[in-house]
Structure formats: C-alpha cells, structure tokens
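Here's data-v6.txt, which has compact mmCIF, C-alpha atoms:
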```txt
# COMPACT_ATOMS: atom_id res chain seq x y z
CA MET A 21 55.20 -21.72 33.48
CA PRO A 22 57.27 -19.20 31.46
CA LEU A 23 58.69 -20.51 28.20
CA PRO A 24 62.42 -21.35 28.36
CA THR A 25 64.72 -18.75 26.80
CA THR A 26 68.21 -18.82 25.31
CA PRO A 27 70.73 -16.42 23.77
CA PHE A 28 70.22 -16.09 20.01
CA GLY A 29 73.73 -16.94 18.89
CA LYS A 30 76.17 -14.05 18.82
CA THR A 31 73.52 -11.32 18.43
CA GLY A 32 73.32 -10.38 22.11
CA LYS A 33 69.57 -10.98 22.02
CA THR A 34 67.56 -13.59 23.90
CA THR A 35 64.51 -15.43 22.61
CA THR A 36 62.16 -18.14 23.77
CA ARG A 37 63.11 -21.61 22.53
CA LEU A 38 59.56 -22.06 21.25
CA GLY A 39 58.69 -19.55 18.56
CA PHE A 40 55.94 -18.92 16.03
CA GLY A 41 56.27 -19.93 12.39
CA ALA A 42 54.14 -17.50 10.38
CA TRP A 43 53.93 -19.33 7.05
CA ALA A 44 50.46 -20.75 7.68
CA ILE A 45 48.94 -17.34 8.46
CA GLY A 46 50.28 -16.06 5.14
CA GLY A 47 49.12 -18.67 2.68
CA THR A 48 49.50 -22.09 0.97
CA TRP A 49 48.04 -23.92 3.98
CA GLY A 50 44.40 -23.60 3.00
CA GLU A 51 42.21 -20.64 3.85
CA VAL A 52 42.97 -18.73 7.04
CA THR A 53 40.99 -15.52 7.44
CA GLU A 54 42.77 -12.37 8.55
CA ALA A 55 40.83 -12.42 11.82
CA GLU A 56 41.87 -16.04 12.46
CA ALA A 57 45.47 -15.25 11.58
CA LYS A 58 45.61 -12.32 13.98
CA ALA A 59 43.93 -14.27 16.77
CA THR A 60 46.44 -17.10 16.27
CA LEU A 61 49.43 -14.79 16.52
CA HIS A 62 47.93 -13.07 19.57
CA ALA A 63 47.54 -16.47 21.23
CA ALA A 64 51.17 -17.38 20.54
CA LEU A 65 52.38 -14.09 22.02
CA ASP A 66 50.00 -14.41 24.97
CA ALA A 67 51.56 -17.83 25.62
CA GLY A 68 54.92 -16.12 25.99
CA MET A 69 56.60 -16.68 22.62
CA THR A 70 59.09 -13.93 21.79
CA PHE A 71 60.31 -15.15 18.38
CA ILE A 72 58.36 -14.89 15.11
CA ASP A 73 59.60 -16.24 11.78
CA THR A 74 58.10 -15.06 8.51
CA ALA A 75 59.06 -14.38 4.87
CA ASP A 76 58.24 -11.83 2.21
CA VAL A 77 56.65 -14.50 0.02
CA TYR A 78 54.23 -15.86 2.64
CA GLY A 79 50.99 -14.67 1.10
CA ASP A 80 52.99 -12.14 -0.97
CA GLY A 81 53.64 -10.07 2.15
CA ARG A 82 50.37 -10.88 3.93
CA SER A 83 52.14 -12.66 6.79
CA GLU A 84 54.48 -9.72 7.37
CA ARG A 85 51.61 -7.22 7.34
CA ILE A 86 49.55 -9.30 9.80
CA ILE A 87 52.54 -9.36 12.14
CA ARG A 88 52.87 -5.59 11.80
CA ASP A 89 49.21 -5.02 12.64
CA VAL A 90 49.19 -7.39 15.64
CA LEU A 91 52.35 -5.90 17.13
CA ARG A 92 50.94 -2.40 16.73
CA GLU A 93 47.75 -3.49 18.49
CA ARG A 94 49.69 -4.98 21.37
CA GLY A 95 52.32 -2.29 21.90
CA GLY A 96 54.95 -2.84 24.57
CA GLU A 97 58.19 -4.72 24.05
CA ARG A 98 58.47 -6.16 20.56
CA PRO A 99 59.29 -9.80 19.99
CA PHE A 100 62.21 -10.78 17.76
CA VAL A 101 60.90 -10.90 14.17
CA ALA A 102 62.93 -12.77 11.56
CA THR A 103 62.00 -12.58 7.90
CA LYS A 104 63.46 -13.97 4.67
CA ALA A 105 64.31 -12.64 1.23
CA GLY A 106 65.19 -14.03 -2.16
CA ARG A 107 62.30 -16.22 -3.27
CA ARG A 108 60.67 -13.30 -5.05
CA LEU A 109 63.33 -13.64 -7.74
CA ASP A 110 61.92 -14.86 -11.04
CA PRO A 111 63.69 -16.89 -12.24
CA HIS A 112 65.00 -18.05 -8.88
CA VAL A 113 68.65 -18.51 -9.89
CA ALA A 114 71.98 -17.93 -8.16
CA SER A 115 72.88 -15.00 -10.42
CA GLY A 116 69.81 -13.14 -9.16
CA TYR A 117 71.21 -12.99 -5.64
CA THR A 118 72.81 -9.56 -5.79
CA GLY A 119 73.06 -6.87 -3.15
CA ALA A 120 70.71 -4.63 -5.11
CA ALA A 121 68.03 -7.31 -5.48
CA ILE A 122 68.12 -8.37 -1.83
CA GLU A 123 68.15 -4.76 -0.62
CA ALA A 124 65.02 -4.07 -2.67
CA PHE A 125 63.29 -7.03 -1.03
CA ILE A 126 64.46 -5.81 2.38
CA ASP A 127 63.01 -2.36 1.67
CA ARG A 128 59.65 -4.00 0.92
CA SER A 129 59.78 -6.03 4.14
CA LEU A 130 60.58 -2.90 6.13
CA LEU A 131 57.35 -1.39 4.81
CA ASN A 132 55.33 -4.58 5.34
CA LEU A 133 56.53 -4.93 8.93
CA GLY A 134 56.35 -1.20 9.65
CA VAL A 135 59.86 -0.93 11.08
CA GLU A 136 63.03 0.99 10.29
CA ARG A 137 65.32 -1.99 10.83
CA LEU A 138 64.74 -5.73 10.50
CA ASP A 139 65.88 -7.88 13.44
CA LEU A 140 67.07 -10.62 11.12
CA VAL A 141 66.91 -11.21 7.37
CA GLN A 142 67.61 -14.71 6.08
CA LEU A 143 68.46 -15.67 2.53
CA HIS A 144 65.46 -17.82 1.67
CA CYS A 145 66.77 -21.22 0.53
CA PRO A 146 68.74 -19.85 -2.41
CA PRO A 147 70.40 -22.09 -5.01
CA THR A 148 73.35 -23.93 -3.50
CA PRO A 149 76.14 -21.81 -5.11
CA VAL A 150 74.93 -18.71 -3.22
CA TYR A 151 76.11 -20.10 0.13
CA SER A 152 79.73 -20.03 -1.06
CA ASP A 153 79.52 -16.64 -2.79
CA PRO A 154 81.44 -14.12 -0.66
CA ALA A 155 80.02 -11.21 -2.67
CA MET A 156 76.49 -11.93 -1.44
CA PHE A 157 77.54 -11.92 2.20
CA GLU A 158 79.68 -8.82 1.70
CA ALA A 159 76.59 -7.13 0.25
CA LEU A 160 74.55 -8.16 3.31
CA ALA A 161 77.22 -6.63 5.53
CA VAL A 162 76.90 -3.37 3.59
CA ILE A 163 73.11 -3.41 4.02
CA LYS A 164 73.63 -4.04 7.74
CA ALA A 165 76.01 -1.09 7.92
CA LYS A 166 73.28 1.09 6.41
CA GLY A 167 71.09 0.21 9.41
CA LYS A 168 68.37 -1.61 7.46
CA ILE A 169 69.03 -4.96 9.16
CA ALA A 170 70.41 -5.77 12.58
CA ASP A 171 71.74 -9.18 11.51
CA PHE A 172 71.63 -11.69 8.68
CA GLY A 173 71.47 -15.45 8.38
CA VAL A 174 70.38 -18.15 5.97
CA SER A 175 67.60 -20.65 5.51
CA VAL A 176 68.80 -23.89 3.92
CA GLU A 177 67.52 -27.13 2.45
CA THR A 178 70.58 -29.31 3.05
CA VAL A 179 73.13 -29.97 5.75
CA GLU A 180 75.92 -29.26 3.26
CA GLU A 181 74.48 -25.80 2.58
CA ALA A 182 74.29 -25.14 6.31
CA ARG A 183 77.90 -26.14 6.85
CA GLN A 184 79.04 -23.88 4.03
CA ALA A 185 76.97 -20.94 5.27
CA ILE A 186 78.44 -20.85 8.77
CA ARG A 187 81.88 -20.34 7.24
CA GLN A 188 80.74 -16.98 5.82
CA PRO A 189 81.56 -13.88 7.88
CA GLY A 190 78.58 -12.24 9.52
CA VAL A 191 76.18 -15.18 9.42
CA VAL A 192 74.48 -15.35 12.83
CA SER A 193 71.84 -18.02 12.19
CA VAL A 194 70.89 -21.02 10.10
CA GLN A 195 67.32 -22.20 9.64
CA ILE A 196 67.04 -25.88 8.77
CA ILE A 197 64.44 -28.65 8.81
CA TYR A 198 64.89 -30.78 11.92
CA ASN A 199 62.31 -33.13 13.37
CA LEU A 200 61.68 -36.80 14.16
CA PHE A 201 61.66 -37.46 10.40
CA ARG A 202 64.73 -35.35 9.55
CA GLN A 203 67.53 -36.14 12.00
CA ARG A 204 70.66 -35.71 9.88
CA PRO A 205 71.53 -32.18 11.13
CA ALA A 206 72.40 -33.70 14.51
CA GLU A 207 75.22 -35.82 13.05
CA VAL A 208 77.80 -33.09 12.39
CA PHE A 209 76.22 -29.73 11.67
CA PHE A 210 74.88 -29.00 15.16
CA ARG A 211 78.33 -29.39 16.71
CA GLU A 212 79.80 -27.04 14.13
CA ALA A 213 77.04 -24.48 14.69
CA GLN A 214 77.64 -24.55 18.43
CA ALA A 215 81.38 -24.13 17.93
CA ALA A 216 80.73 -21.08 15.73
CA ASN A 217 78.09 -19.69 18.14
CA VAL A 218 75.57 -19.67 15.29
CA ALA A 219 71.88 -19.82 16.22
CA VAL A 220 69.88 -22.74 14.83
CA ILE A 221 66.21 -22.27 13.91
CA ALA A 222 64.42 -25.62 13.51
CA ARG A 223 61.62 -25.39 10.99
CA VAL A 224 58.93 -27.87 9.83
CA PRO A 225 59.09 -29.40 13.33
CA LEU A 226 55.81 -31.27 12.95
CA ALA A 227 56.48 -32.49 9.39
CA SER A 228 53.61 -30.43 7.95
CA GLY A 229 51.24 -31.78 10.59
CA LEU A 230 52.10 -35.47 10.31
CA LEU A 231 53.70 -35.47 13.75
CA THR A 232 50.51 -34.23 15.37
CA GLY A 233 49.26 -37.79 14.96
CA LYS A 234 45.96 -36.45 13.65
CA MET A 235 46.31 -37.38 9.97
CA SER A 236 45.24 -40.54 8.23
CA ALA A 237 45.03 -42.06 4.78
CA GLU A 238 41.64 -40.35 4.47
CA SER A 239 42.93 -36.84 5.23
CA ARG A 240 42.27 -34.34 2.46
CA PHE A 241 43.85 -30.93 1.86
CA ALA A 242 42.57 -27.85 0.06
CA ALA A 243 43.76 -27.19 -3.47
CA ASP A 244 45.75 -24.16 -2.27
CA ASP A 245 47.45 -26.14 0.52
CA HIS A 246 51.03 -27.18 -0.33
CA ARG A 247 50.29 -30.57 1.23
CA SER A 248 48.03 -31.08 -1.76
CA PHE A 249 50.11 -29.57 -4.59
CA ASN A 250 53.77 -29.99 -3.58
CA ARG A 251 54.16 -33.59 -2.46
CA ASN A 252 56.66 -34.28 -5.22
CA GLY A 253 58.27 -30.86 -5.30
CA GLU A 254 56.06 -29.39 -8.00
CA ALA A 255 56.24 -25.84 -6.56
CA PHE A 256 59.33 -25.86 -4.32
CA ASP A 257 61.64 -28.36 -2.61
CA LYS A 258 59.61 -31.44 -1.73
CA GLY A 259 61.39 -31.63 1.61
CA GLU A 260 59.27 -28.70 2.80
CA THR A 261 56.12 -30.83 2.49
CA PHE A 262 55.80 -33.72 4.96
CA SER A 263 59.61 -33.44 5.34
CA GLY A 264 59.91 -35.25 2.03
CA VAL A 265 58.69 -38.55 3.49
CA PRO A 266 56.19 -40.56 1.40
CA TYR A 267 52.82 -40.09 3.06
CA ASP A 268 51.88 -43.74 3.69
CA LEU A 269 55.33 -44.53 5.06
CA ALA A 270 55.14 -41.52 7.37
CA LEU A 271 51.75 -42.60 8.72
CA ALA A 272 53.15 -46.02 9.61
CA ALA A 273 56.11 -44.41 11.40
CA VAL A 274 53.76 -42.10 13.30
CA GLU A 275 51.98 -45.13 14.72
CA GLU A 276 55.27 -46.43 16.09
CA ILE A 277 56.15 -43.03 17.54
CA ARG A 278 52.75 -42.83 19.22
CA ALA A 279 53.86 -45.54 21.65
CA LEU A 280 56.63 -43.22 22.90
CA VAL A 281 54.33 -40.31 23.78
CA PRO A 282 53.90 -39.88 27.55
CA GLN A 283 50.42 -40.61 28.85
CA GLY A 284 48.26 -37.49 28.75
CA ALA A 285 50.56 -35.64 26.35
CA ALA A 286 49.70 -34.66 22.77
CA MET A 287 51.92 -36.10 20.07
CA ALA A 288 52.62 -32.61 18.72
CA ALA A 289 53.92 -31.51 22.12
CA PHE A 290 56.05 -34.64 22.31
CA ALA A 291 57.52 -34.01 18.86
CA LEU A 292 58.42 -30.44 19.82
CA ARG A 293 59.86 -31.53 23.16
CA TRP A 294 62.03 -34.05 21.32
CA ILE A 295 63.53 -31.19 19.30
CA LEU A 296 64.05 -29.05 22.39
CA MET A 297 66.17 -31.86 23.89
CA GLU A 298 68.86 -30.89 21.35
CA PRO A 299 70.95 -28.11 22.95
CA ALA A 300 72.20 -26.83 19.58
CA VAL A 301 68.64 -25.85 18.60
CA THR A 302 68.10 -22.23 19.59
CA VAL A 303 64.43 -21.93 18.66
CA VAL A 304 61.86 -24.24 17.09
CA ILE A 305 59.12 -22.60 15.01
CA PRO A 306 55.92 -24.63 14.69
CA GLY A 307 53.20 -22.98 12.68
CA ALA A 308 49.57 -22.66 13.68
CA ARG A 309 46.30 -21.82 11.98
CA SER A 310 44.21 -21.32 15.12
CA PRO A 311 44.67 -20.00 18.66
CA GLU A 312 44.15 -23.52 19.97
CA GLN A 313 47.07 -24.82 17.89
CA ALA A 314 49.30 -21.96 19.04
CA ARG A 315 48.54 -22.68 22.69
CA ALA A 316 49.05 -26.41 22.17
CA ASN A 317 52.49 -25.75 20.67
CA ALA A 318 53.47 -23.64 23.67
CA ALA A 319 52.45 -26.50 25.96
CA ALA A 320 55.42 -28.52 24.71
CA ALA A 321 57.60 -26.58 27.14
CA ASP A 322 55.61 -28.03 30.05
CA LEU A 323 56.58 -31.62 29.24
CA PRO A 324 59.41 -33.01 31.36
CA ALA A 325 62.70 -33.92 29.74
CA LEU A 326 62.52 -37.09 27.67
CA SER A 327 64.51 -40.09 28.85
CA ALA A 328 67.59 -41.37 27.06
CA GLU A 329 65.63 -44.53 26.27
CA VAL A 330 62.84 -42.59 24.57
CA MET A 331 65.32 -40.47 22.60
CA GLU A 332 67.12 -43.60 21.42
CA ALA A 333 63.84 -45.32 20.49
CA ALA A 334 62.90 -42.32 18.35
CA ARG A 335 66.29 -42.44 16.62
CA GLU A 336 65.85 -46.15 15.95
CA ILE A 337 62.45 -45.64 14.30
CA TYR A 338 63.99 -42.95 12.11
CA ALA A 339 66.99 -45.11 11.17
CA ARG A 340 64.84 -48.11 10.28
CA ARG A 341 61.82 -46.53 8.63
CA ILE A 342 62.63 -43.00 7.48
CA ALA A 343 66.37 -42.60 6.88
CA PRO A 344 66.48 -44.80 3.75
CA GLU A 345 64.03 -42.37 2.10
CA VAL A 346 65.40 -38.98 3.18
CA HIS A 347 68.79 -39.09 4.89
CA HIS A 348 70.87 -38.88 1.72
CA LEU A 349 68.72 -36.18 0.10
CA TRP A 350 69.06 -33.32 2.59
```
Represent the structure of the file as structure tokens.
Amino acid sequence: MPLPTTPFGKTGKTTTRLGFGAWAIGGTWGEVTEAEAKATLHAALDAGMTFIDTADVYGDGRSERIIRDVLRERGGERPFVATKAGRRLDPHVASGYTGAAIEAFIDRSLLNLGVERLDLVQLHCPPTPVYSDPAMFEALAVIKAKGKIADFGVSVETVEEARQAIRQPGVVSVQIIYNLFRQRPAEVFFREAQAANVAVIARVPLASGLLTGKMSAESRFAADDHRSFNRNGEAFDKGETFSGVPYDLALAAVEEIRALVPQGAAMAAFALRWILMEPAVTVVIPGARSPEQARANAAAADLPALSAEVMEAAREIYARRIAPEVHHLW
C-alpha cells in the first residue's frame, strides 16, 4: 500500500506522512557503518518515503553526505530533504544567530548535500530569544531571495518556542517532539499551527527507542550513544533522550501501553500510528539504523485507524504516569 501523503504546509509541496529521520545514520547512536547507513536510507526510500530530515551536525556532516550519495545512486525524482543549521555555533548562544553565520552553515550544507538550493533549512533548536528576533527571520528571507533555500522553518524544544515561531513571517514549518510520552503540543499549539497553515514535523516519535517495547532494565548502550551520555542533558537538552522521561518510569509505562497494541502489530508501528491520528502532524520522522527498522517504520501506515477508546487510554496513561515528569518542562 502506498504511504499516505499530505501537503507540506504553505510550500506547495507534498510529502509522505511517514518520513526518515537521519540522525542515527550520522552519529551519536552507536556505530553505524557507511554501508549500513546507505542500505537503511535505500530501504526507507524503497518503502515509499519522500521526506528526509537531517542536520549539519549529525556526524559533522556525515548524514548529509550519505543522503547526497544515496540520492545520486538512485537518480529520478528527489525526495524532500530538510536540514538544520545553528548548532555548529560555539558557544551556542542567541547572539551567534546572525544572517552571516547561518548563511555560512547553509553554504556548507549545500556542498554536503550536493545541491544548489536546500528544500528546507530549520534553525536547530536555538536559544529561546532567537524565536522572537525578527532580524534572524529577515536574514533567512534574504538568504531565500538569493536562491540558496526554498523555505525555512524552526526546530524547537518547547511548545512556547513553537507558538512564538509561527508568528514570524516566512516560517513554513515547526519540528517538535511529539509522541506517547510528550503529548503537550496537542493542547494548543497544533490548532494554532493548522490555523497558520504551518507544517508540523514530529520528531523523537519512538522516545529514543523506548516505544519499540524492546528495551529493558538490562539494556546497555554504547559510550558514543546519546542514550548513554545524555540522560540528564549533559550534552544537549535532556528531552531529546528518552523524551526526558526517567528510564525506569518509562519502562513501566511501556508495559501499560503494550496492552493497547493491536494483536499482530509491533509496538513501534502502533506508536507511529498513534501520532498519525493527529491531523495537525504533517510528517513523523522515526530514525532507523538498519533496513529492517526502516521497513518496520513504514509498516505503521498499514495499521487501521485507532479507536477513540484506544486514543483516550493512551492519553490517560500519559496523564497519570508521564505528565507529572515532563508536561511542565517542554
């Protein structure tokens, strides 16, 4: 069955609602060889995905270059490739977000991806003041006018940042964490995004693998895997790792969620299908480290719509177990 598609906000483009998150093939998820990374991306594209999300800091450009090589190998119609810029700043402070700095990062991504124009560049979770800085968005509009980017958007940590960003002229998309463990965006932000015709990219949909149902208290992660070194936000926002939920608490919640999964379905597919039930979500971008994982993610589109009772049960588990830990933070 073909993957479902939807307009990508106000861009005039259409993408599949299931996309490919290319962080894991870049780095900080344990070792993934270049051959494995390419095979994984090929599998996602073979499954019909037409949206790829990456960033210039994923493997210091490795993810972007792997995407370039795979798309050159395949030829034909290119998928929509979104990248991000800003996290290369050192120090990563609001004052560093200038037109000149971001344009330099964009120039590097153009080379890494082997294109003359980027489909979408997203400010990569900048410090909160950047979202209300009109000069930054005016600078992005100038870069767009030069033809280096087709459109621009933002990637955010918090709902408040997302709500501020969609008030800025020219913003076509917001990338935000949304999953069974992070449900706050659905309260207000999604309605506002729909009203503004802003595309929503749902990232960390499987809570760093927790919502596959395959982890346990005995699970171990490589030293270079962020699930090992960033549980408390040592390297970047802790919400990016396990959605910010304490590991033992998350495992207990997973066991409750398991009872909601339809017979014969994988929990990962169920978790993705739950996100796809939200009409404000344009595309959800699970990552993968193997072709098998990429194909399994695509299979979420084959699950029938979830019942109102199942959706409500999932919200109740979140409200009771997870919300006290995370709802107020992001």
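Using all atoms listed in the file, the smallest distance between any of A:Phe28, A:Asn252, A:Trp294, A:Glu93 and Ala219 in chain A comes from A:Phe28.
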Find the residues with any atom within 7 Å of (54.0, -17.1, 3.3); use only C-alpha atoms and the coordinates as given in the file, and write the answer as a list of chain:residue names.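 Residues with an atom at most 7 Å from (54.0, -17.1, 3.3): A:Trp43, A:Ala44, A:Gly46, A:Gly47, A:Thr74, A:Ala75, A:Asp76, A:Val77, A:Tyr78, A:Gly79, A:Asp80, A:Ser83.
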Atoms to include: C-alpha atoms. Write the selected residues as a PDB file, keeping the file's coordinate frame.
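Output file out.pdb is given in full below:
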```
ATOM      1  CA  TRP A  43      53.930 -19.330   7.050  1.00  0.00           C
ATOM      2  CA  ALA A  44      50.460 -20.750   7.680  1.00  0.00           C
ATOM      3  CA  GLY A  46      50.280 -16.060   5.140  1.00  0.00           C
ATOM      4  CA  GLY A  47      49.120 -18.670   2.680  1.00  0.00           C
ATOM      5  CA  THR A  74      58.100 -15.060   8.510  1.00  0.00           C
ATOM      6  CA  ALA A  75      59.060 -14.380   4.870  1.00  0.00           C
ATOM      7  CA  ASP A  76      58.240 -11.830   2.210  1.00  0.00           C
ATOM      8  CA  VAL A  77      56.650 -14.500   0.020  1.00  0.00           C
ATOM      9  CA  TYR A  78      54.230 -15.860   2.640  1.00  0.00           C
ATOM     10  CA  GLY A  79      50.990 -14.670   1.100  1.00  0.00           C
ATOM     11  CA  ASP A  80      52.990 -12.140  -0.970  1.00  0.00           C
ATOM     12  CA  SER A  83      52.140 -12.660   6.790  1.00  0.00           C
TER      13      SER A  83
END
```
Wanna dump the range 77-118 of chain A-range 69-72 of chain A contacts at 8 Å for me, each residue with its shortest atom pair and the distance in Å to one decimal, counting all atoms listed in the file, ordered by chain and number, as JSON lines?
```
{"residue": "A:Arg98", "atom": "CA", "partner": "A:Thr70", "partner_atom": "CA", "distance": 7.9}
{"residue": "A:Pro99", "atom": "CA", "partner": "A:Thr70", "partner_atom": "CA", "distance": 4.5}
{"residue": "A:Phe100", "atom": "CA", "partner": "A:Phe71", "partner_atom": "CA", "distance": 4.8}
{"residue": "A:Val101", "atom": "CA", "partner": "A:Ile72", "partner_atom": "CA", "distance": 4.8}
{"residue": "A:Ala102", "atom": "CA", "partner": "A:Ile72", "partner_atom": "CA", "distance": 6.2}
```
Using all atoms listed in the file - which residues lie no farther than 12 Å from the point (44.0, -24.5, 24.1) in the file's frame? Write them as a ChimeraX atom specification. /A:60,63-64,66-67,286,308,310-319
File dump, residues just selected, C-alpha atoms, as a PDB file, in the coordinates of the input:
```pdb
ATOM      1  CA  THR A  60      46.440 -17.100  16.270  1.00  0.00           C
ATOM      2  CA  ALA A  63      47.540 -16.470  21.230  1.00  0.00           C
ATOM      3  CA  ALA A  64      51.170 -17.380  20.540  1.00  0.00           C
ATOM      4  CA  ASP A  66      50.000 -14.410  24.970  1.00  0.00           C
ATOM      5  CA  ALA A  67      51.560 -17.830  25.620  1.00  0.00           C
ATOM      6  CA  ALA A 286      49.700 -34.660  22.770  1.00  0.00           C
ATOM      7  CA  ALA A 308      49.570 -22.660  13.680  1.00  0.00           C
ATOM      8  CA  SER A 310      44.210 -21.320  15.120  1.00  0.00           C
ATOM      9  CA  PRO A 311      44.670 -20.000  18.660  1.00  0.00           C
ATOM     10  CA  GLU A 312      44.150 -23.520  19.970  1.00  0.00           C
ATOM     11  CA  GLN A 313      47.070 -24.820  17.890  1.00  0.00           C
ATOM     12  CA  ALA A 314      49.300 -21.960  19.040  1.00  0.00           C
ATOM     13  CA  ARG A 315      48.540 -22.680  22.690  1.00  0.00           C
ATOM     14  CA  ALA A 316      49.050 -26.410  22.170  1.00  0.00           C
ATOM     15  CA  ASN A 317      52.490 -25.750  20.670  1.00  0.00           C
ATOM     16  CA  ALA A 318      53.470 -23.640  23.670  1.00  0.00           C
ATOM     17  CA  ALA A 319      52.450 -26.500  25.960  1.00  0.00           C
TER      18      ALA A 319
END
```
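Each of A:Ile197, A:Val208, A:Ala216, A:Ala343 was checked against Ser228 in chain A using only C-alpha atoms; the smallest atom-to-atom distance is that of A:Ile197.
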Counting all atoms listed in the file, the option among A:Gly264, A:Gly41, A:Pro22, A:Gly68 closest to Val304 in chain A: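 Under the stated criterion, the closest residue is A:Gly41.
Proximity of A:Asn199, A:Ala121, A:Ala273, A:Arg278 to Met297 in chain A, computed with only C-alpha atoms, is greatest for A:Asn199.
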Which is closer to Lys168 in chain A than all the others in A:Val191, A:Leu109, A:Ser152, A:Ser129, using only C-alpha atoms? A:Ser129
Which neighbours of Leu280 in chain A fall inside 10 Å, counting all atoms listed in the file, when residues of the same chain fewer than 4 positions from it are skipped, and could you give them as a list of chain:residue names?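 Those residues are A:Glu275, A:Glu276, A:Met287, A:Phe290, A:Leu326, A:Glu329, A:Val330, A:Met331, A:Ala333, A:Ala334.
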If you count only C-alpha atoms, which residues fall within 12 Å of Ala227 in chain A, apart from same-chain ones fewer than 2 positions away, as a VMD selection string? chain A and resid 197 to 203 222 to 225 229 to 233 235 247 258 to 267 270 to 271 274 288 291 to 292 305 to 307
Go through A:Val281, A:Ile186, A:Met21, A:Ala215 and flag the residue nearest Ser327 in chain A, using all atoms listed in the file for the distances.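 Among the listed residues, A:Val281 lies closest to Ser327 in chain A.
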